[in-house]
Amino acid sequence: MSGKSLHTFNKISYVIDENKCAGCGSCVKACPVNAIRGENKKPHIIDSEICIKCGSCIEACPEKYSAVEKKTGLVSEKVKQKKEMEGGVDLSK
Ligand code: SF4
Ligand code: SF4
């Protein structure tokens, strides 16, 4: 495809490092909007479409795991569109 414009914007996101996450579930209980999912003792994931970026999961994750990371940086429009498709969320322009 040609002429694709890539808008970039600052974005904060919370992600769980699957190599560190022990699947203890503390973050699931701490999340006010049920944005975290995962099976017991398996790496959990944060649904970025639901997450309201409150940071409670970072505080809830035991220090020995420290599996939740707050990330900031530029995200391309392309990534945003992909997430819309995956999550079925209609973010009208
Ligand atoms: S930052 Fe807050 S809303 Fe987002 S996943 Fe963590 S606890 Fe849930
Ligand atoms: S609190 Fe930390 S180790 Fe426990 S499930 Fe959540 S991210 Fe994984």
# chains A, B, ... in the order shown; residues from 1 in each chain; ligands from 1
call {"tool": "residues_near_ligand", "arguments": {"ligand": "ligand 1", "cutoff": "12 Å", "atoms": "only C-alpha atoms and all ligand atoms", "output": "count of residues only"}}
result
41
call {"tool": "select_by_dssp", "arguments": {"residues": "stretch 6-47 of chain A", "states": "helix (DSSP H, G or I)", "output": "ChimeraX atom specification"}}
result
/A:26-30
call {"tool": "write_last_selection", "arguments": {"atoms": "N, CA and C atoms", "output": "CSV table (one decimal), in the first residue's frame"}}
result
chain,number,residue,atom,x,y,z
A,26,SER,N,-1.9,-11.5,42.0
A,26,SER,CA,-2.1,-10.3,42.8
A,26,SER,C,-2.5,-9.1,42.0
A,27,CYS,N,-2.0,-8.9,40.8
A,27,CYS,CA,-2.3,-7.8,40.0
A,27,CYS,C,-3.8,-7.8,39.6
A,28,VAL,N,-4.3,-9.0,39.3
A,28,VAL,CA,-5.7,-9.2,38.9
A,28,VAL,C,-6.6,-8.7,40.0
A,29,LYS,N,-6.3,-9.0,41.2
A,29,LYS,CA,-7.1,-8.5,42.3
A,29,LYS,C,-7.0,-7.0,42.5
A,30,ALA,N,-5.9,-6.4,42.2
A,30,ALA,CA,-5.7,-5.0,42.4
A,30,ALA,C,-6.2,-4.2,41.2
call {"tool": "closest_residue", "arguments": {"among": "A:Asn19, A:Lys11, A:Leu6, A:Cys24", "to": "ligand 2", "atoms": "only C-alpha atoms and all ligand atoms"}}
result
A:Cys24
call {"tool": "atom_distance", "arguments": {"atom1": "atom CA of A:Ser66", "atom2": "atom CA of A:Lys41"}}
result
15.0 Å
call {"tool": "closest_residue", "arguments": {"among": "A:Asn40, A:Ala22, A:Thr8, A:Gly73", "to": "ligand 2", "atoms": "only C-alpha atoms and all ligand atoms"}}
result
A:Ala22
call {"tool": "atom_distance", "arguments": {"atom1": "atom 4 (Fe, counted along the ligand's line) of ligand 2", "atom2": "atom CA of A:Cys21"}}
result
5.7 Å
call {"tool": "select_by_dssp", "arguments": {"residues": "stretch 4-79 of chain A", "states": "strand (DSSP E)", "output": "list in words"}}
result
Thr8, Phe9, Asn10, Lys11, Ile12, Ser13, Tyr14, Val15, Ile16, Ile36, Arg37, Ile45, Ile46, Val68, Glu69, Lys70, Lys71, Thr72, Gly73, Leu74, Val75 and Ser76 of chain A
